[in-house]
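So this one's input.txt, compact mmCIF, C-alpha atoms:
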# COMPACT_ATOMS: atom_id res chain seq x y z
CA MET A 1 -48.96 -52.77 -36.12
CA ALA A 2 -45.55 -53.00 -34.48
CA LYS A 3 -45.13 -54.60 -31.12
CA LYS A 4 -44.87 -52.13 -28.23
CA ARG A 5 -41.54 -51.89 -26.48
CA VAL A 6 -40.76 -51.49 -22.80
CA VAL A 7 -38.44 -48.58 -22.13
CA GLU A 8 -36.68 -48.21 -18.81
CA THR A 9 -35.14 -44.82 -18.22
CA GLU A 10 -34.63 -42.14 -15.62
CA ILE A 11 -36.64 -38.94 -15.97
CA ASN A 12 -35.97 -36.01 -13.67
CA GLY A 13 -34.15 -38.26 -11.22
CA ARG A 14 -36.85 -40.95 -11.05
CA LYS A 15 -36.66 -44.42 -12.52
CA THR A 16 -39.41 -44.64 -15.12
CA GLU A 17 -40.78 -47.41 -17.29
CA PHE A 18 -43.22 -47.01 -20.16
CA LEU A 19 -44.57 -48.85 -23.18
CA CYS A 20 -44.31 -47.29 -26.60
CA GLU A 21 -44.49 -48.17 -30.24
CA PRO A 22 -41.13 -48.12 -32.05
CA ARG A 23 -42.28 -45.18 -34.21
CA GLN A 24 -43.30 -42.91 -31.32
CA THR A 25 -41.16 -39.89 -30.58
CA LEU A 26 -39.88 -39.05 -27.14
CA LEU A 27 -41.94 -35.86 -27.33
CA GLU A 28 -45.16 -37.83 -27.88
CA VAL A 29 -44.46 -40.14 -24.96
CA LEU A 30 -43.42 -37.35 -22.58
CA ARG A 31 -46.53 -35.28 -23.28
CA ASN A 32 -49.20 -37.87 -24.01
CA GLN A 33 -48.27 -40.83 -21.83
CA LEU A 34 -46.21 -39.42 -18.98
CA ASP A 35 -48.09 -36.10 -18.65
CA LEU A 36 -44.87 -34.08 -18.76
CA THR A 37 -46.46 -31.30 -20.77
CA GLY A 38 -43.86 -28.64 -20.07
CA THR A 39 -41.97 -29.85 -23.13
CA LYS A 40 -43.65 -28.06 -26.01
CA GLU A 41 -44.34 -29.15 -29.56
CA GLY A 42 -43.39 -26.45 -32.02
CA CYS A 43 -42.38 -27.58 -35.47
CA SER A 44 -42.14 -31.40 -35.13
CA ASN A 45 -39.11 -31.42 -37.43
CA GLY A 46 -36.20 -30.27 -35.24
CA ASN A 47 -36.04 -26.65 -36.36
CA CYS A 48 -37.43 -24.67 -33.42
CA GLY A 49 -36.02 -26.22 -30.22
CA ALA A 50 -39.28 -25.87 -28.26
CA CYS A 51 -39.17 -29.57 -27.42
CA THR A 52 -35.58 -29.57 -26.11
CA VAL A 53 -34.87 -31.93 -23.23
CA LEU A 54 -31.56 -33.10 -21.81
CA MET A 55 -30.58 -36.67 -22.61
CA ASP A 56 -27.54 -37.74 -20.61
CA GLY A 57 -26.83 -34.05 -20.05
CA ARG A 58 -26.94 -33.08 -23.74
CA PRO A 59 -29.75 -31.05 -25.32
CA VAL A 60 -31.82 -32.96 -27.89
CA ASP A 61 -34.95 -32.14 -29.85
CA SER A 62 -37.37 -34.68 -28.42
CA CYS A 63 -39.44 -34.54 -31.62
CA LEU A 64 -36.49 -36.16 -33.45
CA VAL A 65 -35.63 -38.81 -30.84
CA LEU A 66 -37.53 -42.06 -30.85
CA ALA A 67 -38.78 -42.93 -27.38
CA VAL A 68 -37.09 -46.34 -27.59
CA GLU A 69 -33.75 -44.52 -27.89
CA ALA A 70 -34.24 -43.25 -24.34
CA CYS A 71 -33.81 -46.76 -22.95
CA GLY A 72 -31.12 -46.56 -20.24
CA ALA A 73 -30.69 -42.79 -20.63
CA LYS A 74 -31.04 -40.08 -18.02
CA LEU A 75 -33.57 -37.50 -19.16
CA GLN A 76 -34.29 -34.10 -17.74
CA THR A 77 -37.33 -32.10 -18.77
CA ILE A 78 -38.36 -28.60 -17.79
CA GLU A 79 -40.30 -30.13 -14.88
CA GLY A 80 -37.00 -31.39 -13.42
CA VAL A 81 -35.10 -28.09 -13.54
CA SER A 82 -36.57 -26.36 -10.50
CA PRO A 83 -35.73 -27.16 -6.92
CA THR A 84 -38.60 -28.67 -4.93
CA SER A 85 -40.03 -25.24 -4.24
CA GLY A 86 -39.71 -22.09 -6.29
CA LEU A 87 -37.64 -21.42 -9.37
CA ASN A 88 -33.97 -21.92 -10.06
CA GLU A 89 -31.72 -18.96 -10.89
CA LEU A 90 -32.16 -19.40 -14.67
CA GLN A 91 -35.95 -19.47 -14.48
CA GLN A 92 -35.90 -16.47 -12.13
CA ALA A 93 -33.64 -14.59 -14.56
CA PHE A 94 -36.07 -15.29 -17.42
CA LEU A 95 -38.85 -13.74 -15.35
CA GLN A 96 -36.82 -10.75 -14.18
CA ASN A 97 -35.62 -9.99 -17.71
CA ALA A 98 -39.07 -10.47 -19.31
CA ALA A 99 -37.45 -13.08 -21.56
CA LEU A 100 -40.74 -14.74 -22.42
CA GLN A 101 -44.08 -13.89 -23.90
CA CYS A 102 -46.24 -16.72 -25.23
CA GLY A 103 -44.12 -19.37 -23.48
CA ILE A 104 -43.96 -21.98 -26.25
CA CYS A 105 -40.20 -21.60 -26.73
CA THR A 106 -39.31 -20.91 -23.09
CA PRO A 107 -38.90 -24.51 -21.87
CA GLY A 108 -36.59 -25.28 -24.78
CA PHE A 109 -34.49 -22.18 -24.17
CA ILE A 110 -34.23 -22.99 -20.47
CA MET A 111 -33.20 -26.58 -21.16
CA SER A 112 -30.55 -25.52 -23.70
CA ALA A 113 -29.27 -22.80 -21.35
CA THR A 114 -29.18 -25.32 -18.48
CA ALA A 115 -26.89 -27.54 -20.57
CA LEU A 116 -24.75 -24.54 -21.53
CA LEU A 117 -24.30 -23.38 -17.93
CA ALA A 118 -23.43 -26.91 -16.82
CA GLU A 119 -20.76 -27.05 -19.52
CA ASN A 120 -19.62 -23.42 -19.27
CA PRO A 121 -20.65 -21.61 -16.07
CA ASP A 122 -19.12 -18.32 -17.28
CA PRO A 123 -20.27 -17.91 -20.89
CA THR A 124 -19.81 -14.82 -23.01
CA GLU A 125 -22.68 -13.32 -24.98
CA HIS A 126 -21.17 -14.93 -28.09
CA ASP A 127 -21.09 -18.35 -26.35
CA ILE A 128 -24.76 -18.02 -25.41
CA ARG A 129 -25.87 -16.93 -28.89
CA PHE A 130 -23.95 -19.82 -30.44
CA TYR A 131 -25.29 -22.41 -27.97
CA LEU A 132 -28.91 -21.24 -28.26
CA ALA A 133 -28.86 -21.00 -32.07
CA GLY A 134 -31.09 -24.09 -32.34
CA ASN A 135 -33.88 -22.43 -30.36
CA LEU A 136 -36.27 -20.05 -32.09
CA CYS A 137 -38.58 -17.42 -30.63
CA ARG A 138 -41.25 -15.60 -32.59
CA CYS A 139 -42.35 -13.22 -29.83
CA THR A 140 -39.55 -11.61 -27.82
CA GLY A 141 -36.48 -11.45 -29.95
CA TYR A 142 -33.31 -12.71 -28.37
CA ASP A 143 -31.71 -9.89 -26.41
CA LYS A 144 -33.81 -10.43 -23.28
CA ILE A 145 -33.14 -14.17 -23.42
CA ILE A 146 -29.38 -13.61 -23.76
CA ARG A 147 -29.44 -11.15 -20.83
CA ALA A 148 -31.37 -13.67 -18.74
CA VAL A 149 -28.74 -16.36 -19.32
CA LEU A 150 -25.92 -13.90 -18.58
CA ASP A 151 -27.68 -12.85 -15.35
CA ALA A 152 -28.22 -16.48 -14.31
CA ALA A 153 -24.52 -17.20 -14.90
CA ARG A 154 -23.59 -14.21 -12.71
CA VAL A 155 -25.96 -15.36 -9.97
CA GLY A 156 -24.61 -18.91 -10.25
CA LYS A 157 -21.04 -17.65 -9.83
CA GLY A 158 -22.15 -15.60 -6.82
CA LEU A 159 -23.83 -18.61 -5.25
CA LYS A 160 -20.68 -20.70 -5.74
CA LYS A 161 -18.48 -17.98 -4.21
CA GLU A 162 -20.86 -17.64 -1.24
CA ALA A 163 -20.87 -21.41 -0.71
CA ALA A 164 -17.06 -21.46 -0.80
CA LYS A 165 -16.89 -18.64 1.78
CA THR A 166 -19.37 -20.45 4.03
CA GLN A 167 -17.42 -23.69 3.72
CA ALA A 168 -14.11 -21.91 4.45
CA ALA A 169 -15.62 -20.19 7.51
CA ALA A 170 -16.90 -23.52 8.82
CA SER A 171 -13.44 -25.13 8.53

As a first step, turn the structure in this file into structure tokens.
Amino acid sequence: MAKKRVVETEINGRKTEFLCEPRQTLLEVLRNQLDLTGTKEGCSNGNCGACTVLMDGRPVDSCLVLAVEACGAKLQTIEGVSPTSGLNELQQAFLQNAALQCGICTPGFIMSATALLAENPDPTEHDIRFYLAGNLCRCTGYDKIIRAVLDAARVGKGLKKEAAKTQAAAS
């Protein structure tokens, strides 16, 4: 049996330390040791995207990342997406557009879309389809998901414009 390793990382803005075996995946540690069960296990081979988390701002399939690789990284899981109360605009758009059914794929889609909107706050439908290509859904199809991301981008732009107006008025 391999010696357990200490991993120091940041998860959802909090410094975190855990012990893991070198063979354990990040998905296993998140769900089974750290009780961050929002990240879902789908295929366990990197094909479905249900286990997507952000590692240093980039989407990764946590079933393919060894937990020891997270040492020194900044991780964000679905639990870290929302503000302290309520839902963020992307989560709200998923609800309003009925872009979910069973919910297994939803955290992965939201994490991938979060990375997309951070990189490109004004994506086209083509941009969204391309960026979310690594996430699979068996229940809803993709049109509602694409509309939800487009709506969240529109809301995000509106929030930024409103904040700029407020800041200009205060000056």

Could you make a table, as JSON lines, of the residues of range 36-104 of chain A that have an atom within 7 Å of an atom of range 142-160 of chain A, each with its nearest atom pair and distance in Å to one decimal, counting all atoms listed in the file, in chain and number order?
{"residue": "A:Glu89", "atom": "CA", "partner": "A:Ala152", "partner_atom": "CA", "distance": 5.5}
{"residue": "A:Leu90", "atom": "CA", "partner": "A:Ala152", "partner_atom": "CA", "distance": 4.9}
{"residue": "A:Ala93", "atom": "CA", "partner": "A:Ala148", "partner_atom": "CA", "distance": 4.8}
{"residue": "A:Phe94", "atom": "CA", "partner": "A:Ala148", "partner_atom": "CA", "distance": 5.1}
{"residue": "A:Asn97", "atom": "CA", "partner": "A:Ala148", "partner_atom": "CA", "distance": 5.7}
{"residue": "A:Ala98", "atom": "CA", "partner": "A:Lys144", "partner_atom": "CA", "distance": 6.6}
{"residue": "A:Ala99", "atom": "CA", "partner": "A:Ile145", "partner_atom": "CA", "distance": 4.8}

Would you mind listing what lies within 10 Å of Ile104 in chain A as a PDB file with C-alpha atoms, in the frame of the given file, with only C-alpha atoms counted and same-chain residues fewer than 6 positions away left out?
ATOM      1  CA  GLY A  38     -43.860 -28.640 -20.070  1.00  0.00           C
ATOM      2  CA  THR A  39     -41.970 -29.850 -23.130  1.00  0.00           C
ATOM      3  CA  LYS A  40     -43.650 -28.060 -26.010  1.00  0.00           C
ATOM      4  CA  GLU A  41     -44.340 -29.150 -29.560  1.00  0.00           C
ATOM      5  CA  GLY A  42     -43.390 -26.450 -32.020  1.00  0.00           C
ATOM      6  CA  GLY A  49     -36.020 -26.220 -30.220  1.00  0.00           C
ATOM      7  CA  ALA A  50     -39.280 -25.870 -28.260  1.00  0.00           C
ATOM      8  CA  CYS A  51     -39.170 -29.570 -27.420  1.00  0.00           C
ATOM      9  CA  LEU A 136     -36.270 -20.050 -32.090  1.00  0.00           C
ATOM     10  CA  CYS A 137     -38.580 -17.420 -30.630  1.00  0.00           C
ATOM     11  CA  ARG A 138     -41.250 -15.600 -32.590  1.00  0.00           C
ATOM     12  CA  CYS A 139     -42.350 -13.220 -29.830  1.00  0.00           C
TER      13      CYS A 139
END

Among listed residues A:Thr84, A:Ala67, A:Met111, A:Thr124, nearest Glu28 in chain A (using only C-alpha atoms):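 Closest residue, counting only C-alpha atoms: A:Ala67.
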
Calculated over all atoms listed in the file, which of the candidates A:Gly72, A:Gly57, A:Gly141, A:Gly86 has the smallest distance to Glu17 in chain A? A:Gly72

Of the candidates A:Ala70, A:Ile110, A:Ala115, A:Ile128, which shows the shortest atom-to-atom distance to Leu54 in chain A, using only C-alpha atoms?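 The answer is A:Ala115, which sits nearest to Leu54 in chain A.
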